[in-house]
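Listing of upload.pdb; format and content: PDB, C-alpha atoms.
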MODEL        1
ATOM      1  CA  SER A 293     129.657  93.838 123.927
ATOM      2  CA  LEU A 294     131.352  94.837 120.685
ATOM      3  CA  ASP A 295     134.101  92.548 119.402
ATOM      4  CA  LEU A 296     136.464  94.460 117.075
ATOM      5  CA  ARG A 297     139.762  92.926 115.972
ATOM      6  CA  ALA A 298     142.462  94.511 113.804
ATOM      7  CA  SER A 299     145.941  93.571 112.700
ATOM      8  CA  GLY A 300     148.354  95.391 110.454
ATOM      9  CA  VAL A 301     150.435  98.551 110.310
ATOM     10  CA  VAL A 302     149.564 102.041 111.610
ATOM     11  CA  ARG A 303     151.893 104.994 111.031
ATOM     12  CA  SER A 304     151.997 108.330 112.886
ATOM     13  CA  LEU A 305     148.508 107.986 114.332
ATOM     14  CA  ALA A 306     148.810 111.206 116.341
ATOM     15  CA  SER A 307     150.076 113.334 113.425
ATOM     16  CA  GLU A 308     148.556 114.776 110.251
ATOM     17  CA  GLU A 309     150.527 112.179 108.260
ATOM     18  CA  ARG A 310     148.688 109.246 109.859
ATOM     19  CA  SER A 311     148.068 106.211 107.671
ATOM     20  CA  GLY A 312     147.561 102.503 108.017
ATOM     21  CA  ALA A 313     146.694  99.190 106.442
ATOM     22  CA  LEU A 314     144.679  96.819 108.624
ATOM     23  CA  ASP A 315     142.726  93.599 108.408
ATOM     24  CA  VAL A 316     139.564  94.344 110.374
ATOM     25  CA  VAL A 317     136.951  91.993 111.823
ATOM     26  CA  ILE A 318     133.815  93.302 113.565
ATOM     27  CA  GLY A 319     131.271  91.085 115.282
ATOM     28  CA  PRO A 320     132.538  87.588 114.374
ATOM     29  CA  SER A 321     129.735  86.025 116.444
ATOM     30  CA  PRO A 322     126.066  87.084 116.711
ATOM     31  CA  ALA A 323     126.459  88.019 120.382
ATOM     32  CA  THR A 324     129.172  90.587 119.588
ATOM     33  CA  GLN A 325     127.696  92.212 116.484
ATOM     34  CA  PRO A 326     126.843  95.929 116.724
ATOM     35  CA  ARG A 327     123.238  96.902 116.005
ATOM     36  CA  PHE A 328     122.180 100.003 114.144
ATOM     37  CA  VAL A 329     118.710 101.386 114.748
ATOM     38  CA  LEU A 330     117.288 102.780 111.503
ATOM     39  CA  PRO A 331     113.747 103.443 110.260
ATOM     40  CA  GLY A 332     112.298 100.274 108.759
ATOM     41  CA  ALA A 333     114.681  98.033 110.704
ATOM     42  CA  PRO A 334     113.432  95.288 113.023
ATOM     43  CA  ALA A 335     112.922  96.081 116.694
ATOM     44  CA  GLY A 336     116.284  96.064 118.442
ATOM     45  CA  GLY A 337     118.172  97.296 115.383
ATOM     46  CA  THR A 338     119.978  95.649 112.483
ATOM     47  CA  ALA A 339     122.947  93.415 113.343
ATOM     48  CA  ILE A 340     126.117  93.982 111.316
ATOM     49  CA  ALA A 341     129.210  91.812 110.931
ATOM     50  CA  LEU A 342     132.213  92.890 108.858
ATOM     51  CA  LYS A 343     135.510  91.496 107.615
ATOM     52  CA  SER A 344     137.617  93.727 105.385
ATOM     53  CA  ALA A 345     141.005  95.087 104.439
ATOM     54  CA  LEU A 346     141.065  98.709 105.607
ATOM     55  CA  LYS A 347     143.440 101.402 104.386
ATOM     56  CA  PHE A 348     143.380 104.984 105.618
ATOM     57  CA  ASP A 349     145.308 108.238 105.339
ATOM     58  CA  PRO A 350     144.470 111.922 105.872
ATOM     59  CA  ALA A 351     142.461 111.958 102.630
ATOM     60  CA  GLY A 352     140.078 109.150 103.555
ATOM     61  CA  LEU A 353     139.617 105.460 104.136
ATOM     62  CA  ARG A 354     138.875 102.459 101.972
ATOM     63  CA  PHE A 355     137.368  99.037 102.619
ATOM     64  CA  ASP A 356     138.570  96.413 100.118
ATOM     65  CA  ASN A 357     137.667  92.723  99.821
ATOM     66  CA  MET A 358     134.768  93.506 102.127
ATOM     67  CA  GLN A 359     132.601  90.667 103.386
ATOM     68  CA  ALA A 360     129.696  91.740 105.550
ATOM     69  CA  ASN A 361     126.415  90.483 106.877
ATOM     70  CA  ILE A 362     123.730  93.118 107.377
ATOM     71  CA  GLY A 363     120.524  91.976 108.989
ATOM     72  CA  GLY A 364     121.136  88.416 107.838
ATOM     73  CA  ALA A 365     121.961  89.317 104.209
ATOM     74  CA  ASP A 366     125.484  88.844 102.835
ATOM     75  CA  VAL A 367     127.157  91.872 101.232
ATOM     76  CA  SER A 368     130.556  91.980  99.518
ATOM     77  CA  GLY A 369     132.629  94.444  97.539
ATOM     78  CA  ARG A 370     134.522  97.651  98.175
ATOM     79  CA  LEU A 371     133.706 101.071  99.607
ATOM     80  CA  GLY A 372     135.774 104.246  99.747
ATOM     81  CA  ILE A 373     135.071 107.364 101.812
ATOM     82  CA  GLY A 374     136.920 110.619 101.211
ATOM     83  CA  PHE A 375     137.136 113.080 104.091
ATOM     84  CA  GLY A 376     136.099 116.625 103.394
ATOM     85  CA  LYS A 377     133.063 118.776 102.778
ATOM     86  CA  PRO A 378     131.151 117.267 101.167
ATOM     87  CA  THR A 379     132.103 113.672 101.854
ATOM     88  CA  VAL A 380     133.203 111.739  98.745
ATOM     89  CA  ILE A 381     131.998 108.164  98.353
ATOM     90  CA  ASP A 382     132.679 105.453  95.778
ATOM     91  CA  GLY A 383     132.192 101.714  95.725
ATOM     92  CA  ASP A 384     130.836  98.531  94.239
ATOM     93  CA  LEU A 385     128.555  96.426  96.456
ATOM     94  CA  LYS A 386     127.012  93.021  95.792
ATOM     95  CA  ALA A 387     124.249  91.730  98.060
ATOM     96  CA  GLU A 388     122.523  88.412  98.451
ATOM     97  CA  ALA A 389     119.206  90.212  98.985
ATOM     98  CA  ILE A 390     117.942  93.804  99.319
ATOM     99  CA  ASP A 391     114.752  95.034 100.954
ATOM    100  CA  LEU A 392     114.138  98.213  98.958
ATOM    101  CA  PRO A 393     111.355  99.674 101.168
ATOM    102  CA  SER A 394     113.598  99.367 104.232
ATOM    103  CA  LEU A 395     116.542 100.822 102.301
ATOM    104  CA  PHE A 396     114.380 103.772 101.262
ATOM    105  CA  ALA A 397     113.256 104.240 104.869
ATOM    106  CA  ALA A 398     116.849 104.218 106.107
ATOM    107  CA  ALA A 399     117.894 106.783 103.481
ATOM    108  CA  THR A 400     115.048 109.209 104.153
ATOM    109  CA  GLY A 401     114.246 108.675 107.820
ATOM    110  CA  LEU A 402     110.710 107.579 106.890
ATOM    111  CA  HIS A 403     108.858 104.460 107.917
ATOM    112  CA  ALA A 404     108.803 101.624 105.397
ATOM    113  CA  PRO A 405     105.428 100.786 103.815
ATOM    114  CA  GLY A 406     103.450  98.525 106.128
ATOM    115  CA  GLU A 407     104.787 100.117 109.312
ATOM    116  CA  LYS A 408     102.321 101.734 111.661
ATOM    117  CA  ALA A 409     103.154 105.279 110.597
ATOM    118  CA  GLY A 410     102.392 104.603 106.925
ATOM    119  CA  TRP A 411     103.154 107.001 104.070
ATOM    120  CA  SER A 412     102.931 110.767 104.374
ATOM    121  CA  GLU A 413     101.126 112.930 101.808
ATOM    122  CA  THR A 414     103.285 115.947 102.711
ATOM    123  CA  PRO A 415     106.925 116.587 101.719
ATOM    124  CA  PHE A 416     109.357 114.364 103.604
ATOM    125  CA  ALA A 417     110.824 116.581 106.334
ATOM    126  CA  THR A 418     114.106 114.862 107.145
ATOM    127  CA  SER A 419     117.880 115.178 106.890
ATOM    128  CA  ALA A 420     118.633 111.457 107.170
ATOM    129  CA  TRP A 421     121.604 111.371 104.831
ATOM    130  CA  PRO A 422     124.711 113.572 105.037
ATOM    131  CA  SER A 423     125.898 115.735 102.154
ATOM    132  CA  MET A 424     127.888 113.422  99.843
ATOM    133  CA  ILE A 425     129.153 113.301  96.280
ATOM    134  CA  GLY A 426     130.241 110.237  94.329
ATOM    135  CA  ALA A 427     128.839 106.983  93.021
ATOM    136  CA  VAL A 428     128.254 103.408  94.178
ATOM    137  CA  THR A 429     127.094 100.495  92.029
ATOM    138  CA  VAL A 430     124.773  97.999  93.718
ATOM    139  CA  SER A 431     123.606  94.561  92.633
ATOM    140  CA  ALA A 432     121.545  91.869  94.324
ATOM    141  CA  ALA A 433     120.477  88.350  93.443
ATOM    142  CA  ARG A 434     117.076  88.991  95.045
ATOM    143  CA  ALA A 435     115.156  92.118  95.997
ATOM    144  CA  SER A 436     111.839  93.013  97.601
ATOM    145  CA  MET A 437     110.206  95.868  95.702
ATOM    146  CA  LEU A 438     107.219  95.685  98.064
ATOM    147  CA  ALA A 439     106.026  92.938 100.403
ATOM    148  CA  SER A 440     104.270  91.021  97.583
ATOM    149  CA  ILE A 441     106.571  92.025  94.700
ATOM    150  CA  PRO A 442     109.846  90.082  94.564
ATOM    151  CA  ALA A 443     112.480  90.778  91.912
ATOM    152  CA  THR A 444     115.721  89.077  90.889
ATOM    153  CA  LYS A 445     118.968  90.140  89.223
ATOM    154  CA  LEU A 446     118.672  93.722  90.448
ATOM    155  CA  ARG A 447     121.352  96.209  89.487
ATOM    156  CA  PHE A 448     121.552  99.989  89.732
ATOM    157  CA  GLY A 449     123.929 102.862  90.286
ATOM    158  CA  LEU A 450     123.634 105.321  93.166
ATOM    159  CA  ARG A 451     124.899 108.797  92.328
ATOM    160  CA  PHE A 452     125.259 111.352  95.125
ATOM    161  CA  THR A 453     125.273 115.012  94.090
ATOM    162  CA  GLY A 454     125.352 116.726  97.478
ATOM    163  CA  HIS A 455     121.632 117.328  97.816
ATOM    164  CA  ASP A 456     120.199 114.571  95.601
ATOM    165  CA  VAL A 457     120.533 110.806  95.495
ATOM    166  CA  VAL A 458     119.924 109.384  92.019
ATOM    167  CA  ALA A 459     119.287 105.682  91.431
ATOM    168  CA  GLU A 460     120.127 105.300  87.747
ATOM    169  CA  ALA A 461     120.300 102.494  85.222
ATOM    170  CA  ILE A 462     117.960 100.403  87.382
ATOM    171  CA  GLU A 463     117.406  96.925  85.949
ATOM    172  CA  ALA A 464     115.735  93.838  87.408
ATOM    173  CA  ASP A 465     113.804  90.730  86.438
ATOM    174  CA  LEU A 466     110.202  91.326  87.538
ATOM    175  CA  PHE A 467     106.895  89.524  86.830
ATOM    176  CA  GLY A 468     108.624  87.355  84.245
ATOM    177  CA  GLY A 469     109.842  90.423  82.338
ATOM    178  CA  ARG A 470     112.552  93.045  82.628
ATOM    179  CA  MET A 471     112.160  96.309  84.504
ATOM    180  CA  SER A 472     114.273  99.394  83.857
ATOM    181  CA  GLY A 473     114.178 102.944  85.135
ATOM    182  CA  GLU A 474     115.621 105.621  87.363
ATOM    183  CA  ALA A 475     114.566 107.526  90.486
ATOM    184  CA  THR A 476     115.717 110.659  92.290
ATOM    185  CA  LEU A 477     115.487 111.652  95.939
ATOM    186  CA  ARG A 478     115.840 115.417  96.024
ATOM    187  CA  ARG A 479     116.423 117.278  99.281
ATOM    188  CA  GLY A 480     115.162 120.842  99.491
ATOM    189  CA  GLY A 481     114.399 123.448 102.114
ATOM    190  CA  ASP A 482     110.929 122.037 102.818
ATOM    191  CA  GLY A 483     111.830 118.328 102.825
ATOM    192  CA  ILE A 484     112.539 115.513 100.386
ATOM    193  CA  GLY A 485     110.868 114.935  97.027
ATOM    194  CA  LEU A 486     110.784 111.679  95.056
ATOM    195  CA  SER A 487     110.520 111.403  91.264
ATOM    196  CA  GLY A 488     111.202 108.633  88.802
ATOM    197  CA  ARG A 489     110.241 106.731  85.692
ATOM    198  CA  PHE A 490     110.086 103.000  85.069
ATOM    199  CA  ALA A 491     109.314 100.620  82.220
ATOM    200  CA  LEU A 492     108.405  96.926  82.285
ATOM    201  CA  ARG A 493     108.859  94.773  79.194
ATOM    202  CA  ASP A 494     107.632  91.250  78.400
ATOM    203  CA  ALA A 495     105.935  90.797  81.783
ATOM    204  CA  ALA A 496     103.453  87.996  82.454
ATOM    205  CA  ALA A 497      99.955  89.365  83.118
ATOM    206  CA  THR A 498      99.122  86.421  85.357
ATOM    207  CA  GLN A 499     102.024  87.241  87.681
ATOM    208  CA  ILE A 500     101.001  90.910  87.869
ATOM    209  CA  MET A 501      97.395  89.987  88.706
ATOM    210  CA  ALA A 502      98.554  87.503  91.356
ATOM    211  CA  ALA A 503     100.644  90.244  93.031
ATOM    212  CA  GLU A 504      97.696  92.674  92.989
ATOM    213  CA  ASN A 505      95.464  90.095  94.693
ATOM    214  CA  SER A 506      97.992  89.017  97.321
TER
ENDMDL
END
Show me, as structure tokens, the structure contained in the file I just sent.
Amino acid sequence: SLDLRASGVVRSLASEERSGALDVVIGPSPATQPRFVLPGAPAGGTAIALKSALKFDPAGLRFDNMQANIGGADVSGRLGIGFGKPTVIDGDLKAEAIDLPSLFAAATGLHAPGEKAGWSETPFATSAWPSMIGAVTVSAARASMLASIPATKLRFGLRFTGHDVVAEAIEADLFGGRMSGEATLRRGGDGIGLSGRFALRDAAATQIMAAENS
């Protein structure tokens, strides 16, 4: 069962002038945490716990001082969502760890590499993400680029343009060097396309060879 607790002030909930400021807690114990089933997630879904200050009004809602646990990884920061068409999003999120293949799978509706379905050679036919505009900065102490390629000190910006999602100013420590780059997920009439460019400076050849052989 879901355990959701809230305390604070709500004004005119039934009118167009509704607003509120609440302290919200969702899933304080593992048994009461909601689970979201997404591509690339473990069987049974991904458990989510959340503690945050929530403010809302007819224009949107905002999570401040957010402390969450998503699939066992701690996430903190802020996230704002503006109501309308398209949805407007902004935020700054800091994670203990990020699994990039699973994040990509969740965003596109595809299976993560290593799952039974594998990668498709045809355009990605999916509408996994809603139409949004805005930007969110993301950082993580650790990240999995692929199963055998760990990175640290990852940081990037996510820019939503309505049809595209652009990961820009990507930086991470990788193979003893520093990786930088950008990538774009572009949604079109026949599916989703992926493009990008990356550079790796001062990397250790021995670490690259070890990852290739693992």
Protein and nucleic acid residues near (121.9, 119.2, 97.7) (cut-off 7 Å, only C-alpha atoms) as a VMD selection string: chain A and resid 423 453 to 456 479
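Distances from A:Ser304, A:Thr379, A:Ser431, A:Thr324 to Asp366 in chain A were compared using only C-alpha atoms, and the smallest one belongs to A:Ser431.
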Coordinates-based distance that separates CA of Ile373 in chain A from CA of Arg354 in chain A (Å, one decimal): 6.2 Å
Can you list, as an mmCIF file with C-alpha atoms, in the frame of the given file, the residues that the PyMOL selection byres ((chain A and resi 459) around 8) selects here?
data_model
loop_
_atom_site.group_PDB
_atom_site.id
_atom_site.type_symbol
_atom_site.label_atom_id
_atom_site.label_comp_id
_atom_site.auth_asym_id
_atom_site.auth_seq_id
_atom_site.Cartn_x
_atom_site.Cartn_y
_atom_site.Cartn_z
ATOM 1 C CA PHE A 448 121.552 99.989 89.732
ATOM 2 C CA GLY A 449 123.929 102.862 90.286
ATOM 3 C CA LEU A 450 123.634 105.321 93.166
ATOM 4 C CA ARG A 451 124.899 108.797 92.328
ATOM 5 C CA VAL A 457 120.533 110.806 95.495
ATOM 6 C CA VAL A 458 119.924 109.384 92.019
ATOM 7 C CA GLU A 460 120.127 105.300 87.747
ATOM 8 C CA ALA A 461 120.300 102.494 85.222
ATOM 9 C CA ILE A 462 117.960 100.403 87.382
ATOM 10 C CA GLU A 474 115.621 105.621 87.363
ATOM 11 C CA ALA A 475 114.566 107.526 90.486
ATOM 12 C CA THR A 476 115.717 110.659 92.290
#
Result set, the PyMOL selection byres ((chain A and resi 342) around 6) on current file, as a list in words: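 Answer for the PyMOL selection byres ((chain A and resi 342) around 6): Val317, Ile318, Ala341, Lys343, Gln359 and Ala360 of chain A.
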Between CA of Thr498 in chain A and CA of Gly469 in chain A, distance in Å (one decimal): 11.8 Å
Explicit residues for the PyMOL selection byres ((chain A and resi 470) around 7) (as a list of chain:residue names):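 Those residues are A:Ala464, A:Asp465, A:Leu466, A:Gly469, A:Met471, A:Ser472, A:Leu492, A:Arg493, A:Asp494.
The space separating CA of Ile441 in chain A from CA of Ile484 in chain A comes to 24.9 Å.
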Shortest interatomic distance to Gly300 in chain A - which of A:Thr338, A:Arg327, A:Leu346, A:Lys377, counting all atoms listed in the file: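 Closest to Gly300 in chain A, using all atoms listed in the file: A:Leu346.
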Protein and nucleic acid residues near (119.8, 91.4, 106.5) (cut-off 10 Å, only C-alpha atoms) as a count of residues only: 18
Which of A:Ser344, A:Ala491, A:Ser368, A:Leu477 sits closest to Val430 in chain A [using all atoms listed in the file]: A:Ser368
Residue nearest Ala496 in chain A - candidates A:Ala345, A:Pro393, A:Phe467, A:Ala427, atoms counted: all atoms listed in the file: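 Counting all atoms listed in the file, the residue closest to Ala496 in chain A is A:Phe467.
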Option closest in space to Gly372 in chain A, from A:Ser299, A:Asn357, A:Gln325, A:Thr444 [counting only C-alpha atoms]: A:Asn357
